[in-house]
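Data file: entry.csv. Format and content: CSV, C-alpha atoms.
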chain,number,residue,atom,x,y,z
B,1,MET,CA,118.7,101.6,84.6
B,2,ASN,CA,120.9,98.8,83.3
B,3,ALA,CA,119.4,95.4,82.5
B,4,ALA,CA,122.8,93.6,82.6
B,5,LYS,CA,123.6,95.1,86.0
B,6,ILE,CA,120.2,94.2,87.5
B,7,PHE,CA,120.7,90.6,86.2
B,8,SER,CA,124.2,90.4,87.7
B,9,LEU,CA,123.1,91.8,91.0
B,10,SER,CA,120.1,89.5,91.2
B,11,ARG,CA,120.2,85.8,92.1
B,12,ALA,CA,116.7,85.1,90.6
B,13,GLY,CA,117.9,83.9,87.2
B,14,VAL,CA,115.3,85.9,85.4
B,15,ALA,CA,115.7,87.6,82.1
B,16,VAL,CA,115.7,91.4,82.5
B,17,GLU,CA,114.8,94.1,80.0
B,18,VAL,CA,114.8,97.8,80.5
B,19,VAL,CA,113.1,100.3,78.2
B,20,PRO,CA,113.1,104.1,78.5
B,21,GLU,CA,109.4,104.4,77.8
B,22,THR,CA,106.3,102.3,77.0
B,23,GLY,CA,102.6,102.5,77.3
B,24,SER,CA,102.2,99.6,79.8
B,25,THR,CA,104.8,97.0,80.8
B,26,ASN,CA,101.9,94.6,81.7
B,27,ALA,CA,100.3,95.0,78.2
B,28,ASP,CA,103.7,94.5,76.6
B,29,LEU,CA,104.4,91.2,78.4
B,30,LEU,CA,100.8,90.0,77.9
B,31,ALA,CA,101.2,90.5,74.1
B,32,ARG,CA,104.4,88.4,74.2
B,33,ALA,CA,103.2,85.7,76.5
B,34,ALA,CA,102.6,83.1,73.8
B,35,GLN,CA,106.3,83.5,72.8
B,36,LEU,CA,107.8,83.5,76.2
B,37,SER,CA,109.8,80.5,77.4
B,38,GLU,CA,111.2,81.8,80.7
B,39,PRO,CA,110.3,84.4,83.3
B,40,VAL,CA,110.9,88.0,82.2
B,41,LEU,CA,111.2,91.2,84.1
B,42,LEU,CA,110.4,94.3,82.1
B,43,VAL,CA,111.2,97.7,83.6
B,44,ALA,CA,110.1,101.0,82.1
B,45,GLU,CA,111.7,104.3,83.1
B,46,HIS,CA,108.4,105.9,82.1
B,47,GLN,CA,104.9,104.4,81.5
B,48,SER,CA,102.5,106.6,79.6
B,49,ALA,CA,99.5,104.3,80.0
B,50,GLY,CA,100.2,102.5,83.3
B,51,ARG,CA,97.1,100.8,84.8
B,52,GLY,CA,96.0,99.9,88.2
B,53,ARG,CA,93.2,97.6,89.4
B,54,ALA,CA,89.8,98.0,87.8
B,55,GLY,CA,91.3,100.0,84.9
B,56,ARG,CA,92.5,102.9,87.0
B,57,SER,CA,95.4,104.9,85.6
B,58,TRP,CA,98.8,104.8,87.4
B,59,LEU,CA,100.7,108.1,87.3
B,60,SER,CA,104.4,107.6,87.2
B,61,SER,CA,107.7,109.3,86.1
B,62,SER,CA,111.3,108.0,85.9
B,63,GLU,CA,112.4,110.4,88.6
B,64,ASN,CA,109.7,109.7,91.2
B,65,SER,CA,108.7,106.0,90.8
B,66,LEU,CA,109.7,102.5,89.9
B,67,THR,CA,107.4,100.7,87.4
B,68,PHE,CA,107.9,97.2,86.2
B,69,SER,CA,106.2,93.9,85.3
B,70,LEU,CA,107.3,90.3,85.9
B,71,ALA,CA,106.0,87.5,83.7
B,72,TRP,CA,106.0,84.2,85.5
B,73,LYS,CA,104.6,80.8,84.4
B,74,PHE,CA,102.6,78.6,86.7
B,75,GLU,CA,101.5,75.0,86.1
B,76,GLY,CA,97.7,74.6,86.1
B,77,GLY,CA,94.9,77.1,85.6
B,78,LEU,CA,93.6,80.3,87.2
B,79,GLN,CA,92.1,78.4,90.2
B,80,GLY,CA,95.6,77.8,91.4
B,81,LEU,CA,96.4,81.6,91.5
B,82,THR,CA,93.9,82.5,94.2
B,83,GLY,CA,95.6,84.8,96.7
B,84,LEU,CA,98.6,85.7,94.4
B,85,PRO,CA,98.2,89.5,94.7
B,86,LEU,CA,98.3,89.2,98.5
B,87,ALA,CA,101.4,87.0,98.3
B,88,ILE,CA,103.1,89.6,96.2
B,89,GLY,CA,102.2,92.2,98.8
B,90,VAL,CA,103.9,90.1,101.5
B,91,ALA,CA,107.0,89.8,99.3
B,92,LEU,CA,107.2,93.5,98.7
B,93,GLY,CA,106.7,94.1,102.4
B,94,ASP,CA,109.5,91.8,103.3
B,95,ALA,CA,111.9,93.3,100.7
B,96,LEU,CA,111.0,96.9,101.6
B,97,GLY,CA,111.4,96.2,105.3
B,98,GLN,CA,114.9,94.9,104.8
B,99,LEU,CA,115.6,98.2,103.0
B,100,GLY,CA,114.3,100.2,106.0
B,101,VAL,CA,110.8,101.0,104.8
B,102,GLN,CA,108.1,99.6,106.9
B,103,ILE,CA,104.7,99.1,105.2
B,104,GLN,CA,101.2,97.7,105.8
B,105,LEU,CA,98.9,95.9,103.5
B,106,LYS,CA,95.4,96.7,102.4
B,107,TRP,CA,93.2,93.9,101.0
B,108,PRO,CA,93.5,92.9,98.2
B,109,ASN,CA,96.5,94.5,96.6
B,110,ASP,CA,97.6,97.8,98.0
B,111,VAL,CA,100.8,98.6,99.8
B,112,LEU,CA,100.5,101.4,102.4
B,113,LYS,CA,103.0,103.5,104.3
B,114,ASP,CA,101.8,105.7,107.1
B,115,GLY,CA,98.2,105.1,105.9
B,116,ASP,CA,98.7,106.2,102.3
B,117,LYS,CA,99.3,104.2,99.2
B,118,LEU,CA,102.9,103.5,98.4
B,119,ALA,CA,102.6,100.8,95.8
B,120,GLY,CA,100.0,99.1,93.7
B,121,ILE,CA,99.8,95.6,92.3
B,122,LEU,CA,98.0,94.5,89.1
B,123,ILE,CA,98.1,90.9,88.0
B,124,GLU,CA,96.8,89.8,84.6
B,125,THR,CA,96.9,86.3,83.2
B,126,GLN,CA,97.0,84.4,79.9
B,127,SER,CA,96.9,80.7,79.2
B,128,ALA,CA,100.2,79.3,78.0
B,129,SER,CA,100.1,77.4,74.7
B,130,SER,CA,99.9,73.7,74.6
B,131,ASP,CA,103.1,73.6,72.6
B,132,SER,CA,104.9,75.0,75.7
B,133,GLY,CA,103.4,72.5,78.0
B,134,GLY,CA,100.3,74.5,79.0
B,135,GLY,CA,99.9,76.3,82.3
B,136,THR,CA,99.2,80.0,83.0
B,137,TRP,CA,101.3,83.1,82.6
B,138,ALA,CA,100.8,85.6,85.3
B,139,VAL,CA,102.0,89.1,84.5
B,140,ILE,CA,102.6,90.9,87.8
B,141,GLY,CA,102.7,94.7,87.4
B,142,ILE,CA,104.0,96.9,90.2
B,143,GLY,CA,104.1,100.6,90.6
B,144,LEU,CA,106.2,101.9,93.6
B,145,ASN,CA,106.2,105.5,94.6
B,146,LEU,CA,109.7,106.8,95.6
B,147,VAL,CA,109.0,110.5,95.8
B,148,MET,CA,105.5,112.0,95.8
B,149,PRO,CA,105.6,115.6,94.4
B,150,ASP,CA,102.8,118.0,95.4
B,151,ASP,CA,101.6,118.4,91.8
B,152,VAL,CA,101.2,114.6,91.3
B,153,GLU,CA,99.4,114.3,94.6
B,154,ALA,CA,97.1,117.1,93.4
B,155,ARG,CA,96.4,115.3,90.2
B,156,LEU,CA,95.5,112.1,92.1
B,157,GLY,CA,93.1,114.1,94.3
B,158,ARG,CA,94.2,112.3,97.5
B,159,SER,CA,97.3,111.9,99.6
B,160,ALA,CA,99.9,109.3,98.6
B,161,ALA,CA,103.1,108.0,100.2
B,162,GLY,CA,106.6,108.1,99.0
B,163,ALA,CA,109.8,106.5,100.2
B,164,PRO,CA,112.6,109.1,99.7
B,165,TRP,CA,115.2,106.7,101.3
B,166,LEU,CA,114.6,104.3,98.4
B,167,ALA,CA,114.9,107.2,95.9
B,168,ARG,CA,118.5,107.7,97.1
B,169,MET,CA,119.4,104.1,96.5
B,170,ASP,CA,121.1,102.8,93.3
B,171,ARG,CA,118.1,102.0,91.1
B,172,ASP,CA,119.6,98.8,89.8
B,173,GLN,CA,120.3,97.5,93.3
B,174,LEU,CA,116.8,98.4,94.4
B,175,MET,CA,115.3,96.6,91.4
B,176,ALA,CA,117.5,93.5,92.0
B,177,ALA,CA,116.5,93.3,95.7
B,178,LEU,CA,112.8,93.5,94.7
B,179,LEU,CA,113.2,90.9,92.0
B,180,ASP,CA,114.9,88.4,94.3
B,181,ALA,CA,112.1,88.8,96.9
B,182,LEU,CA,109.4,88.4,94.2
B,183,ALA,CA,111.1,85.3,92.6
B,184,ASP,CA,111.4,83.6,96.0
B,185,ALA,CA,107.8,84.3,96.8
B,186,LEU,CA,106.6,83.1,93.4
B,187,ARG,CA,108.4,79.8,93.8
B,188,LEU,CA,107.0,79.3,97.3
B,189,PHE,CA,103.5,80.2,96.1
B,190,ALA,CA,103.8,77.7,93.2
B,191,SER,CA,104.5,74.9,95.7
B,192,GLN,CA,102.3,75.8,98.7
B,193,GLY,CA,99.8,78.5,97.6
B,194,PHE,CA,98.7,81.4,99.6
B,195,ALA,CA,98.6,79.4,102.8
B,196,ALA,CA,102.3,79.9,103.1
B,197,PHE,CA,101.8,83.7,103.2
B,198,SER,CA,98.5,84.3,105.2
B,199,ALA,CA,100.1,84.6,108.6
B,200,ARG,CA,102.6,87.2,107.4
B,201,TRP,CA,99.9,89.1,105.5
B,202,ASN,CA,97.9,89.3,108.7
B,203,LEU,CA,100.8,90.7,110.6
B,204,ARG,CA,100.9,93.6,108.1
B,205,HIS,CA,97.1,94.1,107.9
B,206,ALA,CA,96.5,97.8,107.9
B,207,TRP,CA,92.9,97.8,108.9
B,208,GLN,CA,92.8,94.9,111.4
B,209,GLY,CA,89.7,95.3,113.7
B,210,ARG,CA,88.5,98.4,111.9
B,211,ALA,CA,85.0,99.0,110.6
B,212,VAL,CA,84.9,98.6,106.8
B,213,VAL,CA,82.5,98.3,103.9
B,214,ILE,CA,82.7,96.2,100.7
B,215,LEU,CA,81.5,98.2,97.7
B,216,ASP,CA,80.5,97.1,94.2
B,217,ASN,CA,80.2,100.0,91.8
B,218,GLY,CA,79.4,102.2,94.8
B,219,LYS,CA,76.8,99.9,96.3
B,220,VAL,CA,77.5,98.5,99.8
B,221,LEU,CA,77.5,94.7,99.6
B,222,GLN,CA,78.7,94.0,103.1
B,223,GLU,CA,80.1,95.7,106.2
B,224,GLY,CA,81.7,94.7,109.4
B,225,LEU,CA,85.0,94.6,111.2
B,226,ALA,CA,88.1,93.6,109.2
B,227,ALA,CA,89.5,90.4,110.7
B,228,GLY,CA,92.4,89.6,108.3
B,229,VAL,CA,92.5,86.9,105.6
B,230,ASP,CA,92.2,83.2,105.5
B,231,ASP,CA,94.5,80.7,103.8
B,232,ALA,CA,92.7,81.2,100.5
B,233,GLY,CA,93.2,85.0,100.5
B,234,ARG,CA,89.6,85.8,101.3
B,235,LEU,CA,88.9,88.8,103.5
B,236,LEU,CA,87.3,87.9,106.8
B,237,LEU,CA,84.6,90.2,108.1
B,238,ASP,CA,83.0,90.0,111.5
B,239,THR,CA,79.4,91.2,110.9
B,240,ALA,CA,76.3,91.4,113.0
B,241,GLU,CA,75.4,87.9,111.6
B,242,GLY,CA,78.8,86.4,112.4
B,243,ARG,CA,82.0,85.9,110.5
B,244,THR,CA,81.9,85.8,106.7
B,245,SER,CA,84.5,85.8,103.9
B,246,VAL,CA,84.8,87.9,100.8
B,247,LEU,CA,86.5,87.1,97.5
B,248,ALA,CA,88.4,89.9,95.8
B,249,GLY,CA,86.7,90.0,92.4
B,250,ASP,CA,86.1,93.6,91.4
B,251,VAL,CA,84.8,94.8,94.7
B,252,SER,CA,86.4,97.7,96.7
B,253,LEU,CA,87.2,97.9,100.4
B,254,ARG,CA,86.8,101.2,102.2
B,255,LEU,CA,86.9,102.3,105.8
B,256,SER,CA,83.4,103.1,107.2
B,257,GLU,CA,82.6,106.8,107.4

Structure translated into structure tokens:
Amino acid sequence: MNAAKIFSLSRAGVAVEVVPETGSTNADLLARAAQLSEPVLLVAEHQSAGRGRAGRSWLSSSENSLTFSLAWKFEGGLQGLTGLPLAIGVALGDALGQLGVQIQLKWPNDVLKDGDKLAGILIETQSASSDSGGGTWAVIGIGLNLVMPDDVEARLGRSAAGAPWLARMDRDQLMAALLDALADALRLFASQGFAAFSARWNLRHAWQGRAVVILDNGKVLQEGLAAGVDDAGRLLLDTAEGRTSVLAGDVSLRLSE
């Protein structure tokens, strides 16, 4: 991939860096957050230590996936970033839909295609220095499957989705299209929060009306029918006791057996 070409194709005005290999693009940008003065996109052709939510590893290769992180500074603290992973899911859904790949969203941060995981989102944060005006840096890591070989699926131990149509695209054009969608979404989120995205998220909700359980380290915390999300990004559950809401935290969402 070519950083200069991605930058020229994009209208986001974001600094772009491409490296052939690194451990984790998220870790790299977090380590540099104190020195950053503008948004930065870091793309790795291969990540040897890519991570997903809750410390899970993300298997990737330059031929079969697209892995990148975007560092973006927000004014204010962490409380203002509630719902950000869901907003990123909406942005990816919009961008991929325009490229001919229809997806659905699983709370709080998975992108599904035909019921299987196509992309994952990991957001990590770091406070900006007072010298730079304060605020919070959000480092948004995304892993997008393009082709899912049988051997990788076997290593995962579950089925996963691919998007072969995207694999045939020029990678720089694909990355530029995703960057534009993400930058637009981040600017909207900064001004209006997740409320500007909730209706669009609910339109793509993969498990709407289905019986689900909320798990914490394997223990069932709540169960009910998934009823979408509210304007704060909380999952709404219709339970025997009535409707309740669930914050993301470190809990997991599963379909009921």

>> Using Å and a single decimal, report how far CA of Leu99 in chain B sits from CA of Arg168 in chain B.
In response: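 Here the two named atoms are 11.6 Å from each other.
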
If we count only C-alpha atoms and set the cut-off at 12 Å, which residues sit around Asp170 in chain B, ignoring sequence neighbours fewer than 3 positions away in its own chain? Please answer as a compact mmCIF listing (two decimals) with C-alpha atoms, in the frame of the given file.
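Generated file (out-v3.txt):
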# COMPACT_ATOMS: atom_id res chain seq x y z
CA MET B 1 118.70 101.60 84.60
CA ASN B 2 120.90 98.80 83.30
CA LYS B 5 123.60 95.10 86.00
CA ILE B 6 120.20 94.20 87.50
CA LEU B 9 123.10 91.80 91.00
CA LEU B 66 109.70 102.50 89.90
CA TRP B 165 115.20 106.70 101.30
CA LEU B 166 114.60 104.30 98.40
CA ALA B 167 114.90 107.20 95.90
CA GLN B 173 120.30 97.50 93.30
CA LEU B 174 116.80 98.40 94.40
CA MET B 175 115.30 96.60 91.40
CA ALA B 176 117.50 93.50 92.00
CA ALA B 177 116.50 93.30 95.70

> CA of Pro39 in chain B and CA of Thr22 in chain B are how many Å apart?
Replying inline: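 So the two atoms, CA of Pro39 in chain B and CA of Thr22 in chain B, lie 19.4 Å apart.
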
Would you mind listing, for every residue of range 89-139 of chain B within 7 Å of range 203-222 of chain B, the two atoms forming the shortest contact and the distance between them in Å to one decimal, using all atoms listed in the file, sorted by chain and ascending residue number, as a tab-separated table?
residue	atom	partner	partner_atom	distance
B:Gln104	CA	B:Arg204	CA	4.7
B:Leu105	CA	B:His205	CA	5.1
B:Lys106	CA	B:Ala206	CA	5.7

>> Report as a PyMOL selection string all protein, DNA and RNA residues lying within 12 Å of Asn202 in chain B, evaluated on only C-alpha atoms, omitting residues in the same chain fewer than 2 positions from it.
In response: chain B and resi 86-87+89-90+93+104-108+195-200+204-209+226-231+233-236

>> Need to verify the contact set: Ala71 in chain B, 6 Å, all atoms listed in the file, exclusion of same-chain residues closer than 5 positions in sequence. Can you return it as a PyMOL selection string?
In response: chain B and resi 39-40+138-139

Export C-alpha atoms of the chosen residues as a PDB file, keeping the file's coordinate frame?
ATOM      1  CA  PRO B  39     110.300  84.400  83.300  1.00  0.00           C
ATOM      2  CA  VAL B  40     110.900  88.000  82.200  1.00  0.00           C
ATOM      3  CA  ALA B 138     100.800  85.600  85.300  1.00  0.00           C
ATOM      4  CA  VAL B 139     102.000  89.100  84.500  1.00  0.00           C
TER       5      VAL B 139
END

Find the spatial neighbours of Arg11 in chain B, counting all atoms listed in the file, within a cut-off of 10 Å - ignore same-chain residues fewer than 6 positions away - and output them as an mmCIF file with C-alpha atoms, in the frame of the given file.
data_model
loop_
_atom_site.group_PDB
_atom_site.id
_atom_site.type_symbol
_atom_site.label_atom_id
_atom_site.label_comp_id
_atom_site.auth_asym_id
_atom_site.auth_seq_id
_atom_site.Cartn_x
_atom_site.Cartn_y
_atom_site.Cartn_z
ATOM 1 C CA ALA B 176 117.500 93.500 92.000
ATOM 2 C CA ALA B 177 116.500 93.300 95.700
ATOM 3 C CA LEU B 179 113.200 90.900 92.000
ATOM 4 C CA ASP B 180 114.900 88.400 94.300
ATOM 5 C CA ALA B 181 112.100 88.800 96.900
ATOM 6 C CA ALA B 183 111.100 85.300 92.600
ATOM 7 C CA ASP B 184 111.400 83.600 96.000
#

>> Counting only C-alpha atoms, which residue out of B:Arg171, B:Ser256, B:Ser24, B:Leu182 sits closest to Leu92 in chain B?
In response: B:Leu182

> Rounded to one decimal in Å, what is the spacing between CA of Gly77 in chain B and CA of Ser191 in chain B?
Replying inline: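 CA of Ser191 in chain B lies at a distance of 14.1 Å from CA of Gly77 in chain B.
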
>> Considering only C-alpha atoms, can you say which of B:Glu63, B:Asp94, B:Glu223, B:Asp116 comes closest to Leu255 in chain B?
In response: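 For Leu255 in chain B, the nearest of the candidates is B:Glu223.
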
> Which residues, written as an MDAnalysis selection string, have at least one atom at most 12 Å from Ile123 in chain B, with only C-alpha atoms counted and residues fewer than 3 positions away on the same chain left out?
Replying inline: chainID B and resid 25:27 29:30 51:55 68:72 78 81:89 108:109 120 126 137:143

> Of the candidates B:Ala33, B:Ala185, B:Ala95, B:Met148, which one gets nearest to Gly134 in chain B if we count all atoms listed in the file?
Replying inline: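 Of B:Ala33, B:Ala185, B:Ala95, B:Met148, the one nearest Gly134 in chain B, counting all atoms listed in the file, is B:Ala33.
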
> Can you find the residues with an atom no farther than 8 Å from (106.2, 106.5, 96.6), counting only C-alpha atoms, and report them as a list in words?
Replying inline: Asn64, Ser65, Lys117, Leu118, Ala119, Leu144, Asn145, Leu146, Val147, Met148, Ala160, Ala161, Gly162, Ala163 and Pro164 of chain B

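Distances to Glu45 in chain B were evaluated for B:Glu241, B:Glu17, B:Asp131, B:Asp28 using all atoms listed in the file, and the minimum falls at B:Glu17.
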